[in-house]
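Heads up, my_file18.txt below (compact mmCIF, C-alpha atoms and all ligand atoms):
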```txt
# COMPACT_ATOMS: atom_id res chain seq x y z
CA MET A 1 0.00 0.00 0.00
CA SER A 2 1.20 3.48 -0.76
CA GLN A 3 2.85 5.36 2.10
CA TYR A 4 1.57 8.65 0.70
CA ARG A 5 -0.40 10.96 2.96
CA THR A 6 -0.90 14.70 2.71
CA PHE A 7 1.32 16.47 5.25
CA THR A 8 -0.02 18.65 8.05
CA ALA A 9 2.24 21.37 9.49
CA ALA A 10 3.14 18.98 12.33
CA ASP A 11 4.10 16.25 9.81
CA ALA A 12 6.31 18.75 8.01
CA VAL A 13 8.11 19.69 11.25
CA ALA A 14 8.67 16.03 12.14
CA TYR A 15 9.94 15.33 8.64
CA ALA A 16 12.33 18.29 8.76
CA GLN A 17 13.62 17.13 12.15
CA GLN A 18 14.44 13.77 10.60
CA PHE A 19 15.75 14.81 7.19
CA GLY A 20 16.55 18.54 7.36
CA GLY A 21 20.21 17.99 8.19
CA VAL A 22 20.16 20.72 10.85
CA GLU A 23 22.46 20.51 13.86
CA SER A 24 19.85 20.45 16.65
CA PRO A 25 16.74 18.96 15.04
CA ASP A 26 14.70 19.23 18.27
CA GLU A 27 14.91 23.01 17.88
CA LEU A 28 12.70 22.78 14.78
CA VAL A 29 9.27 23.44 16.25
CA ASP A 30 6.93 25.17 13.85
CA ALA A 31 5.80 25.21 10.23
CA GLN A 32 3.96 27.67 8.06
CA GLU A 33 2.39 26.62 4.75
CA ILE A 34 3.49 29.26 2.24
CA GLY A 35 2.67 27.58 -1.09
CA ASP A 36 1.34 30.21 -3.47
CA GLY A 37 2.01 28.34 -6.70
CA ASN A 38 -0.46 26.33 -8.72
CA LEU A 39 0.49 22.83 -7.68
CA ASN A 40 2.05 21.95 -4.31
CA LEU A 41 2.20 22.32 -0.54
CA VAL A 42 5.25 24.27 0.66
CA PHE A 43 6.12 24.51 4.37
CA LYS A 44 8.65 26.86 5.88
CA ILE A 45 10.10 25.22 8.99
CA PHE A 46 11.00 27.47 11.95
CA ASP A 47 13.23 26.88 14.95
CA ILE A 48 12.64 27.94 18.58
CA HIS A 49 14.05 31.39 17.77
CA HIS A 50 11.46 31.74 14.97
CA ARG A 51 14.20 31.56 12.35
CA SER A 52 13.22 29.71 9.18
CA ARG A 53 15.70 26.88 8.63
CA VAL A 54 14.56 24.56 5.79
CA ILE A 55 11.72 24.13 3.32
CA VAL A 56 9.55 21.01 3.06
CA LYS A 57 7.69 20.71 -0.24
CA GLN A 58 5.09 18.06 -0.99
CA ALA A 59 3.32 17.31 -4.25
CA LEU A 60 -0.45 16.91 -3.97
CA PRO A 61 -2.15 14.22 -6.10
CA TYR A 62 -4.01 16.95 -7.98
CA VAL A 63 -3.53 20.48 -9.34
CA ARG A 64 -3.79 22.70 -6.26
CA CYS A 65 -5.18 25.78 -8.02
CA VAL A 66 -7.98 23.74 -9.65
CA GLY A 67 -8.74 21.03 -7.09
CA GLU A 68 -9.22 17.26 -7.01
CA SER A 69 -11.09 17.33 -10.32
CA TRP A 70 -7.66 17.62 -12.02
CA PRO A 71 -5.57 14.68 -10.76
CA LEU A 72 -1.82 14.91 -11.29
CA THR A 73 1.04 12.45 -10.93
CA LEU A 74 2.98 12.37 -7.66
CA ASP A 75 6.01 11.29 -9.69
CA ARG A 76 6.53 14.99 -10.35
CA ALA A 77 8.17 15.26 -6.92
CA ARG A 78 10.86 12.78 -8.03
CA LEU A 79 11.24 14.56 -11.35
CA GLU A 80 11.56 17.92 -9.62
CA ALA A 81 14.07 16.71 -7.06
CA GLN A 82 16.17 14.88 -9.64
CA THR A 83 16.12 17.82 -12.07
CA LEU A 84 17.27 20.17 -9.31
CA VAL A 85 19.95 17.72 -8.16
CA GLU A 86 21.23 17.38 -11.74
CA HIS A 87 21.17 21.13 -12.30
CA TYR A 88 22.90 21.71 -8.95
CA ARG A 89 25.74 19.44 -10.09
CA HIS A 90 26.37 21.76 -13.02
CA CYS A 91 25.43 25.12 -11.55
CA PRO A 92 25.35 25.04 -7.72
CA GLN A 93 25.60 28.83 -7.47
CA HIS A 94 22.22 29.29 -9.19
CA THR A 95 20.21 26.19 -8.20
CA VAL A 96 18.42 25.59 -4.91
CA GLN A 97 20.00 22.75 -2.94
CA VAL A 98 17.87 19.65 -2.37
CA LEU A 99 18.79 18.14 1.00
CA HIS A 100 16.58 15.05 0.85
CA TYR A 101 13.71 13.61 -1.15
CA ASP A 102 11.32 10.72 -0.81
CA PRO A 103 9.45 9.58 -3.92
CA ALA A 104 6.85 7.59 -1.94
CA LEU A 105 5.73 10.60 0.09
CA ALA A 106 6.37 12.93 -2.88
CA VAL A 107 8.28 15.15 -0.46
CA MET A 108 11.57 16.98 -0.62
CA VAL A 109 13.53 19.07 1.87
CA MET A 110 15.38 22.06 0.46
CA GLU A 111 17.63 24.82 1.65
CA ASP A 112 15.77 27.83 3.00
CA LEU A 113 16.06 30.93 0.82
CA SER A 114 14.35 33.41 3.16
CA ASP A 115 17.10 35.93 2.53
CA HIS A 116 16.01 35.93 -1.14
CA ARG A 117 12.81 37.15 -2.76
CA ILE A 118 10.81 35.89 -5.72
CA TRP A 119 12.07 37.77 -8.78
CA ARG A 120 8.58 38.36 -10.20
CA GLY A 121 7.52 40.42 -7.17
CA GLU A 122 10.73 42.43 -7.33
CA LEU A 123 10.31 43.11 -11.04
CA ILE A 124 6.73 44.27 -10.49
CA LYS A 125 7.85 46.68 -7.75
CA GLY A 126 10.54 48.06 -10.03
CA ALA A 127 13.36 46.72 -7.83
CA TYR A 128 16.45 46.14 -9.93
CA TYR A 129 18.95 43.33 -9.46
CA PRO A 130 21.77 44.26 -11.83
CA GLN A 131 23.32 40.80 -12.00
CA ALA A 132 20.15 38.72 -12.24
CA ALA A 133 19.80 38.51 -16.02
CA THR A 134 23.45 37.52 -16.51
CA GLN A 135 23.18 34.98 -13.69
CA LEU A 136 20.08 33.47 -15.28
CA GLY A 137 21.94 33.22 -18.60
CA GLU A 138 24.79 31.46 -16.77
CA TYR A 139 22.35 29.02 -15.11
CA LEU A 140 20.74 28.19 -18.45
CA ALA A 141 24.09 27.72 -20.21
CA GLN A 142 25.62 25.50 -17.52
CA THR A 143 22.60 23.29 -16.97
CA LEU A 144 21.59 22.96 -20.61
CA PHE A 145 25.09 22.49 -22.02
CA HIS A 146 26.08 19.83 -19.50
CA THR A 147 22.91 17.80 -20.08
CA SER A 148 23.11 18.00 -23.89
CA ASP A 149 24.73 15.86 -26.58
CA PHE A 150 27.54 18.41 -26.77
CA HIS A 151 28.74 17.19 -23.41
CA LEU A 152 27.28 13.78 -22.61
CA HIS A 153 28.30 10.42 -24.01
CA PRO A 154 25.41 9.27 -26.27
CA HIS A 155 24.61 6.36 -23.93
CA ASN A 156 24.39 8.67 -20.92
CA LYS A 157 22.30 11.17 -22.84
CA LYS A 158 19.79 8.46 -23.76
CA ALA A 159 19.69 7.30 -20.13
CA LEU A 160 18.98 10.90 -19.12
CA VAL A 161 16.09 11.09 -21.59
CA ALA A 162 14.65 7.89 -20.06
CA GLN A 163 15.12 9.07 -16.47
CA PHE A 164 13.27 12.30 -17.16
CA ILE A 165 10.28 11.02 -19.13
CA ASN A 166 7.62 13.39 -17.73
CA PRO A 167 4.45 12.85 -19.77
CA GLU A 168 1.83 14.35 -17.43
CA MET A 169 3.67 17.60 -16.76
CA CYS A 170 4.63 17.93 -20.42
CA GLU A 171 0.98 17.45 -21.31
CA ILE A 172 0.07 20.47 -19.16
CA THR A 173 2.57 22.58 -21.11
CA GLU A 174 1.48 21.08 -24.43
CA ASP A 175 -2.14 21.99 -23.73
CA LEU A 176 -1.69 25.32 -21.94
CA PHE A 177 0.94 26.78 -24.28
CA PHE A 178 0.02 25.43 -27.65
CA ASN A 179 -3.67 24.45 -27.68
CA ASP A 180 -5.89 26.31 -25.22
CA PRO A 181 -5.27 29.92 -26.32
CA TYR A 182 -6.00 29.07 -29.95
CA GLN A 183 -9.33 27.32 -29.29
CA ILE A 184 -12.47 27.90 -27.30
CA ASN A 185 -11.64 26.06 -24.09
CA GLU A 186 -13.20 26.15 -20.63
CA ARG A 187 -9.75 26.50 -19.01
CA ASN A 188 -9.18 29.84 -20.74
CA SER A 189 -9.74 32.88 -18.58
CA TYR A 190 -9.63 36.48 -19.74
CA PRO A 191 -11.81 39.58 -19.51
CA ALA A 192 -14.62 39.94 -22.04
CA ALA A 193 -13.12 43.28 -23.06
CA ILE A 194 -10.24 41.54 -24.86
CA GLU A 195 -12.43 39.01 -26.70
CA ALA A 196 -11.62 40.52 -30.11
CA SER A 197 -7.86 39.99 -29.58
CA VAL A 198 -8.44 36.41 -28.43
CA ALA A 199 -10.84 35.63 -31.26
CA ALA A 200 -8.17 36.85 -33.69
CA LEU A 201 -5.82 34.16 -32.34
CA ARG A 202 -8.38 31.49 -33.17
CA ASP A 203 -8.81 32.85 -36.70
CA ASP A 204 -5.15 33.22 -37.65
CA SER A 205 -4.13 30.23 -39.73
CA ALA A 206 -0.51 31.38 -40.27
CA LEU A 207 -0.14 31.77 -36.51
CA LYS A 208 -1.58 28.32 -35.89
CA VAL A 209 0.95 26.78 -38.29
CA ALA A 210 3.80 28.55 -36.46
CA VAL A 211 2.41 27.38 -33.09
CA ALA A 212 2.14 23.83 -34.44
CA SER A 213 5.83 23.97 -35.32
CA LEU A 214 6.70 25.12 -31.79
CA LYS A 215 4.59 22.38 -30.25
CA HIS A 216 6.19 19.81 -32.54
CA ARG A 217 9.63 20.89 -31.34
CA PHE A 218 8.45 20.69 -27.72
CA PHE A 219 7.18 17.15 -28.39
CA SER A 220 10.21 15.83 -30.19
CA HIS A 221 13.50 17.72 -29.73
CA ALA A 222 15.31 16.03 -26.87
CA GLU A 223 18.23 18.49 -26.67
CA ALA A 224 18.91 18.93 -22.92
CA LEU A 225 17.41 18.52 -19.43
CA LEU A 226 15.19 21.57 -19.18
CA HIS A 227 13.96 23.22 -16.02
CA GLY A 228 10.68 23.27 -17.93
CA ASP A 229 9.00 26.20 -16.13
CA ILE A 230 11.69 28.85 -15.66
CA HIS A 231 9.48 31.89 -15.25
CA SER A 232 10.27 34.77 -12.87
CA GLY A 233 8.13 33.11 -10.16
CA SER A 234 10.49 30.09 -10.24
CA ILE A 235 13.50 32.29 -9.47
CA PHE A 236 14.71 33.68 -6.15
CA VAL A 237 16.98 36.76 -6.14
CA ALA A 238 19.01 38.64 -3.55
CA ASP A 239 21.85 41.17 -3.93
CA GLY A 240 24.33 39.39 -6.19
CA SER A 241 22.52 36.05 -6.00
CA LEU A 242 19.99 34.11 -8.10
CA LYS A 243 18.59 30.63 -7.46
CA ALA A 244 16.24 28.56 -9.61
CA ILE A 245 13.53 26.54 -7.82
CA ASP A 246 10.40 24.57 -8.82
CA ALA A 247 11.56 22.20 -11.54
CA GLU A 248 8.68 19.68 -11.65
CA PHE A 249 8.24 20.28 -15.38
CA GLY A 250 11.82 19.05 -15.98
CA TYR A 251 12.27 16.83 -19.06
CA VAL A 252 14.68 16.52 -21.95
CA GLY A 253 13.41 18.99 -24.52
CA PRO A 254 14.40 21.89 -26.80
CA ILE A 255 16.90 24.29 -25.24
CA GLY A 256 15.03 27.26 -26.71
CA PHE A 257 12.03 26.43 -24.51
CA ASP A 258 13.84 27.31 -21.27
CA VAL A 259 15.52 30.35 -22.81
CA GLY A 260 12.22 31.46 -24.35
CA THR A 261 10.23 31.00 -21.13
CA ALA A 262 12.75 33.19 -19.30
CA ILE A 263 12.64 35.88 -22.01
CA GLY A 264 8.85 35.64 -22.26
CA ASN A 265 8.48 36.41 -18.57
CA LEU A 266 10.72 39.45 -18.81
CA LEU A 267 8.48 40.57 -21.66
CA LEU A 268 5.34 39.99 -19.57
CA ASN A 269 6.82 42.39 -17.06
CA TYR A 270 7.62 44.77 -19.96
CA CYS A 271 3.97 44.65 -21.05
CA GLY A 272 2.63 45.12 -17.51
CA ALA A 273 4.98 47.94 -16.43
CA PRO A 274 2.71 50.84 -17.55
CA GLY A 275 -0.04 49.46 -15.29
CA GLN A 276 2.23 48.88 -12.31
CA LEU A 277 4.40 51.99 -12.21
CA GLY A 278 4.20 55.71 -12.93
CA ILE A 279 5.00 56.87 -16.47
CA ARG A 280 8.71 57.54 -15.94
CA ASP A 281 9.36 54.48 -13.83
CA ALA A 282 7.48 52.32 -16.32
CA ALA A 283 9.55 53.64 -19.22
CA ALA A 284 12.74 52.97 -17.25
CA ALA A 285 11.53 49.49 -16.28
CA ARG A 286 10.81 48.69 -19.92
CA GLU A 287 14.29 49.73 -21.00
CA GLN A 288 15.66 47.69 -18.14
CA ARG A 289 13.78 44.57 -19.28
CA LEU A 290 15.20 44.96 -22.78
CA THR A 291 18.68 45.28 -21.30
CA ASP A 292 17.94 42.20 -19.16
CA ILE A 293 16.99 40.22 -22.26
CA ARG A 294 20.15 41.28 -24.08
CA GLU A 295 22.31 40.41 -21.06
CA LEU A 296 20.56 37.10 -20.51
CA TRP A 297 21.08 36.03 -24.10
CA GLN A 298 24.65 37.32 -24.19
CA ALA A 299 25.58 35.46 -21.00
CA PHE A 300 23.85 32.28 -22.16
CA ALA A 301 25.28 32.23 -25.68
CA THR A 302 28.81 33.25 -24.66
CA ARG A 303 29.03 30.65 -21.89
CA PHE A 304 27.45 27.91 -24.01
CA ALA A 305 29.88 28.58 -26.87
CA ARG A 306 32.86 28.63 -24.46
CA LEU A 307 31.82 25.34 -22.90
CA ALA A 308 31.31 23.86 -26.36
CA ALA A 309 34.80 24.95 -27.40
CA THR A 310 36.44 23.10 -24.54
CA GLU A 311 34.04 20.35 -23.46
CA THR A 312 32.37 18.97 -26.58
CA HIS A 313 33.16 15.27 -26.70
CA ASP A 314 31.50 14.43 -30.01
CA ALA A 315 33.82 15.02 -32.98
CA ALA A 316 31.04 15.94 -35.40
CA LEU A 317 29.37 18.42 -33.02
CA ALA A 318 32.82 19.99 -32.43
CA ALA A 319 33.06 21.04 -36.10
CA PRO A 320 34.13 24.70 -36.31
CA GLY A 321 31.08 26.93 -36.76
CA TYR A 322 28.53 24.33 -35.65
CA VAL A 323 27.84 25.68 -32.15
CA GLU A 324 27.29 29.19 -33.55
CA ALA A 325 24.75 27.81 -36.04
CA PHE A 326 23.10 25.81 -33.26
CA LEU A 327 22.81 28.89 -31.03
CA LYS A 328 21.10 30.83 -33.83
CA LYS A 329 18.52 28.07 -33.99
CA VAL A 330 18.14 28.18 -30.20
CA LEU A 331 17.43 31.92 -30.38
CA THR A 332 14.87 31.42 -33.14
CA ASP A 333 13.15 28.77 -31.01
CA ALA A 334 13.38 30.96 -27.91
CA VAL A 335 11.69 33.89 -29.66
CA GLY A 336 8.79 31.65 -30.69
CA PHE A 337 8.47 30.07 -27.23
CA ALA A 338 8.65 33.52 -25.61
CA GLY A 339 5.74 34.58 -27.81
CA SER A 340 3.71 31.54 -26.81
CA GLU A 341 4.42 32.24 -23.12
CA LEU A 342 3.14 35.82 -23.58
CA ILE A 343 -0.07 34.55 -25.14
CA ARG A 344 -0.82 31.70 -22.78
CA ARG A 345 -0.26 33.86 -19.69
CA SER A 346 -2.71 36.44 -21.10
CA VAL A 347 -5.47 34.14 -22.31
CA GLY A 348 -5.14 30.83 -20.53
CA LEU A 349 -5.45 29.30 -17.09
CA SER A 350 -2.40 30.72 -15.35
CA HIS A 351 -2.06 34.48 -15.38
CA VAL A 352 0.93 36.31 -13.94
CA ALA A 353 0.85 39.07 -11.36
CA ASP A 354 2.81 41.42 -13.66
CA ILE A 355 -0.47 42.10 -15.49
CA ASP A 356 -3.10 40.40 -13.33
CA THR A 357 -2.63 42.72 -10.34
CA ILE A 358 -3.06 45.94 -12.33
CA ALA A 359 -5.90 47.76 -10.52
CA ASP A 360 -7.15 49.93 -13.39
CA GLU A 361 -9.26 47.58 -15.53
CA GLU A 362 -8.82 49.49 -18.79
CA MET A 363 -5.08 49.62 -18.30
CA LYS A 364 -5.03 45.90 -17.53
CA HIS A 365 -6.92 45.17 -20.74
CA ALA A 366 -4.50 47.34 -22.73
CA CYS A 367 -1.55 45.45 -21.22
CA LEU A 368 -3.17 42.09 -21.99
CA ARG A 369 -3.82 43.15 -25.59
CA HIS A 370 -0.23 44.30 -25.89
CA ALA A 371 1.07 40.97 -24.56
CA ILE A 372 -1.11 39.07 -27.04
CA GLU A 373 -0.07 41.22 -30.00
CA LEU A 374 3.60 41.08 -29.06
CA GLY A 375 3.37 37.32 -28.53
CA LYS A 376 1.74 36.83 -31.90
CA ALA A 377 4.31 38.98 -33.66
CA LEU A 378 7.21 37.14 -32.04
CA ILE A 379 5.83 33.72 -33.00
CA LEU A 380 5.40 34.88 -36.59
CA VAL A 381 8.79 36.58 -37.01
CA ALA A 382 10.86 34.11 -34.95
CA GLY A 383 12.44 32.59 -38.08
CA GLN A 384 13.88 35.98 -39.03
CA VAL A 385 15.46 36.68 -35.63
CA ASP A 386 19.00 35.41 -35.31
CA ASN A 387 20.57 37.87 -32.89
CA ALA A 388 19.49 39.64 -29.69
CA ASP A 389 19.50 43.13 -31.21
CA GLU A 390 17.06 41.99 -33.87
CA LEU A 391 14.80 40.61 -31.12
CA LEU A 392 14.84 43.92 -29.27
CA ILE A 393 14.05 45.82 -32.49
CA ARG A 394 11.03 43.56 -32.99
CA VAL A 395 9.84 44.09 -29.41
CA ARG A 396 10.02 47.87 -29.83
CA GLN A 397 8.28 47.61 -33.18
CA TYR A 398 5.27 45.84 -31.62
CA SER A 399 4.98 48.12 -28.57
C1 LIG A 401 -1.92 23.76 -13.98
S1 LIG A 401 -0.35 24.39 -13.76
C2 LIG A 401 -0.34 25.92 -14.52
C3 LIG A 401 1.00 26.51 -14.66
O1 LIG A 401 1.59 26.67 -13.39
C4 LIG A 401 2.94 26.26 -13.45
O2 LIG A 401 3.80 27.10 -12.76
C5 LIG A 401 3.28 26.16 -14.90
O3 LIG A 401 3.70 27.39 -15.43
C6 LIG A 401 2.00 25.72 -15.47
O4 LIG A 401 1.90 25.91 -16.84
MG MG A 402 6.02 26.22 -10.35
```
Write out the structure in this file as structure tokens.
Amino acid sequence: MSQYRTFTAADAVAYAQQFGGVESPDELVDAQEIGDGNLNLVFKIFDIHHRSRVIVKQALPYVRCVGESWPLTLDRARLEAQTLVEHYRHCPQHTVQVLHYDPALAVMVMEDLSDHRIWRGELIKGAYYPQAATQLGEYLAQTLFHTSDFHLHPHNKKALVAQFINPEMCEITEDLFFNDPYQINERNSYPAAIEASVAALRDDSALKVAVASLKHRFFSHAEALLHGDIHSGSIFVADGSLKAIDAEFGYVGPIGFDVGTAIGNLLLNYCGAPGQLGIRDAAAAREQRLTDIRELWQAFATRFARLAATETHDAALAAPGYVEAFLKKVLTDAVGFAGSELIRRSVGLSHVADIDTIADEEMKHACLRHAIELGKALILVAGQVDNADELLIRVRQYS
């Protein structure tokens, strides 16, 4: 019989005492459930001095934000823990540390990052972390290069693909990114005022062909072990520090998906800024997001190319000029995936606070329309974008 049971706060404390790796486990006395994501329970565990010491995260057998009517595999806890462990091996400075995990209880214990804040909230406030974009580019390069065919022996790469088969979580992405916004679907959620923009998505056959191509790549291009959901809510920041969390969508897929999700979320903030900040601050925030995107791509592509120059084991993939050609393709993919992230966050089930928390309804609708139009444009022009400056020109053009 399965050992699984849903944790109470007391269970989480007891679990942390046993597996938290702290020096005086009896001093762990309290837990607060802080999960604000769509899927899981997350407990912060406090000691007798009310200092938070570790995090206990448990997967629920259903989608938390929807309820028991949408069952979901508990295996995602294993996939999340193993993705984070693998990414930590290659980029410990930018990956949360998993201290323990138990696939039967679908639980993991992680380092506490209370001295960090979720990047999305900071971006919305207009707080600037000058190193964050470069650090995110570094995280993406290190984790994606070291889990790709550039670096791994072909046998190990195939074993990695098998280890990270993640059909149920991939299906969520497949539906939410590439189907729902382009059809009438009960999961979609958007204000009636933007119906014309959404209806235009359903009627655009060229767009649907481009989205089909993106979905096909997501289905079939096993390039590297992705984080799979690297939006600004999956990233903690502090002065000079950035840590990725929440990797339950991890699977071996197209590198451009992770890069594009990261860029897409910076662009969601770009679209929402006029509704969140005063005119001058919003203009500055927008410029900052474009700089962030340039820095992210620059850091990613430079590091990936450097790693490829010294650590590519396959003779054919080491051919001079190949990695540069590959990175152009990654950017093209990333632009398309960024566009699909903009659209699905505006039309679909899971909105982001960058736009969703805008108080003025008309302004919110304008920001949603902008995100949809920008997303559509990026999906359609992705094939023509092969450097970061060209991407930024396109973003300005559709703003
Ligand atoms: C049903 S899950 C909805 C979204 O939340 C997660 O964070 C992923 O982004 C997913 O697409
Ligand atoms: Mg998440």
Show me the residues close to (2.7, 36.5, -0.5) - anything with an atom within 12 Å, counting all atoms listed in the file - and format the list as number ranges by chain. A: 33-37, 117-118, 120-121, 233, 353
Within 8 Å of range 226-230 of chain A, counting only C-alpha atoms, which residues qualify if same-chain residues fewer than 3 places away don't, as a ChimeraX atom specification? /A:83,143-144,233-235,244,246-255,257-258,261-262
Residues within 10 Å of ligand LIG 401 (chain A), counting all atoms listed in the file: report them as a ChimeraX atom specification. /A:37-39,62-66,70,72,169-177,187,228-231,233-234,246-249,261,341,344-345,348-352
Protein/DNA/RNA residues near (28.5, 20.9, -12.2), cut 8 Å, all atoms listed in the file, as a VMD selection string: chain A and resid 87 to 92 142 to 143 146
Contacts of Phe19 in chain A at 9 Å (all atoms listed in the file; same-chain gap of 2+ positions) as a VMD selection string: chain A and resid 14 to 17 21 to 22 25 99 to 101 109
Which residue out of A:Ile48, A:Ala77, A:Arg5, A:Glu390 has the minimum interatomic distance to ligand MG 402 (chain A) when all atoms listed in the file are used?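 Among A:Ile48, A:Ala77, A:Arg5, A:Glu390, it is A:Ala77 that comes nearest to ligand MG 402 (chain A).
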Box centre and edge lengths (Å, one decimal), axis-aligned, range 186-204 of chain A plus 8 Å each side, as lines of an AutoDock Vina configuration file:
```
center_x = -9.9
center_y = 34.7
center_z = -28.1
size_x = 25.5
size_y = 33.1
size_z = 35.1
```
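Closest approach to Ile124 in chain A from the set A:Ala222, A:Ile358, A:Val198, A:Leu41 is made by A:Ile358, with distances taken over all atoms listed in the file.
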Set the distance at 10 Å and use all atoms listed in the file: which residues neighbour Lys329 in chain A once local chain neighbours fewer than 5 positions away are removed? I'd like the list as a list in words. Ile255, Gly256, Val323, Glu324, Ala334, Val335, Ala382, Gly383, Val385 and Asp386 of chain A
Between CA of Gln18 in chain A and CA of Ala81 in chain A, what distance in Å does the model show, to one decimal?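 Here the two named atoms are 17.9 Å from each other.
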What is the CA of Asn166 in chain A to CA of Val259 in chain A distance in Å?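 Taking CA of Asn166 in chain A and CA of Val259 in chain A, their separation equals 19.4 Å.
Comparing A:Lys57, A:Ala283, A:His365, A:Glu295 by their smallest distance to ligand MG 402 (chain A), the closest is A:Lys57 (using all atoms listed in the file).
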Counting all atoms listed in the file, figure out which residue out of A:His313, A:Ala10, A:Ala192, A:Phe337 gets nearest to His216 in chain A.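 Of A:His313, A:Ala10, A:Ala192, A:Phe337, the one nearest His216 in chain A is A:Phe337, counting all atoms listed in the file.
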Take CA of Asp115 in chain A and CA of Asp26 in chain A and report the distance between them in Å, one decimal.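 Between CA of Asp115 in chain A and CA of Asp26 in chain A the gap works out to 23.1 Å.
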A:Thr312, A:Leu113, A:Asp333, A:Ala285 ranked by distance to Tyr128 in chain A, top pick (using all atoms listed in the file):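 For Tyr128 in chain A, the nearest of the candidates is A:Ala285.
Within 9 Å of Arg289 in chain A, once all atoms listed in the file are used and residues closer than 5 positions along the same chain are dropped, the contacting residues are A:Leu266, A:Leu267, A:Asn269, A:Tyr270, A:Ala284, A:Arg294.
Of the listed residues A:Ile245, A:Gly264, A:Lys158, A:Ser2, the one whose atoms come nearest to ligand MG 402 (chain A) is A:Ile245, with distances taken using only C-alpha atoms and all ligand atoms.
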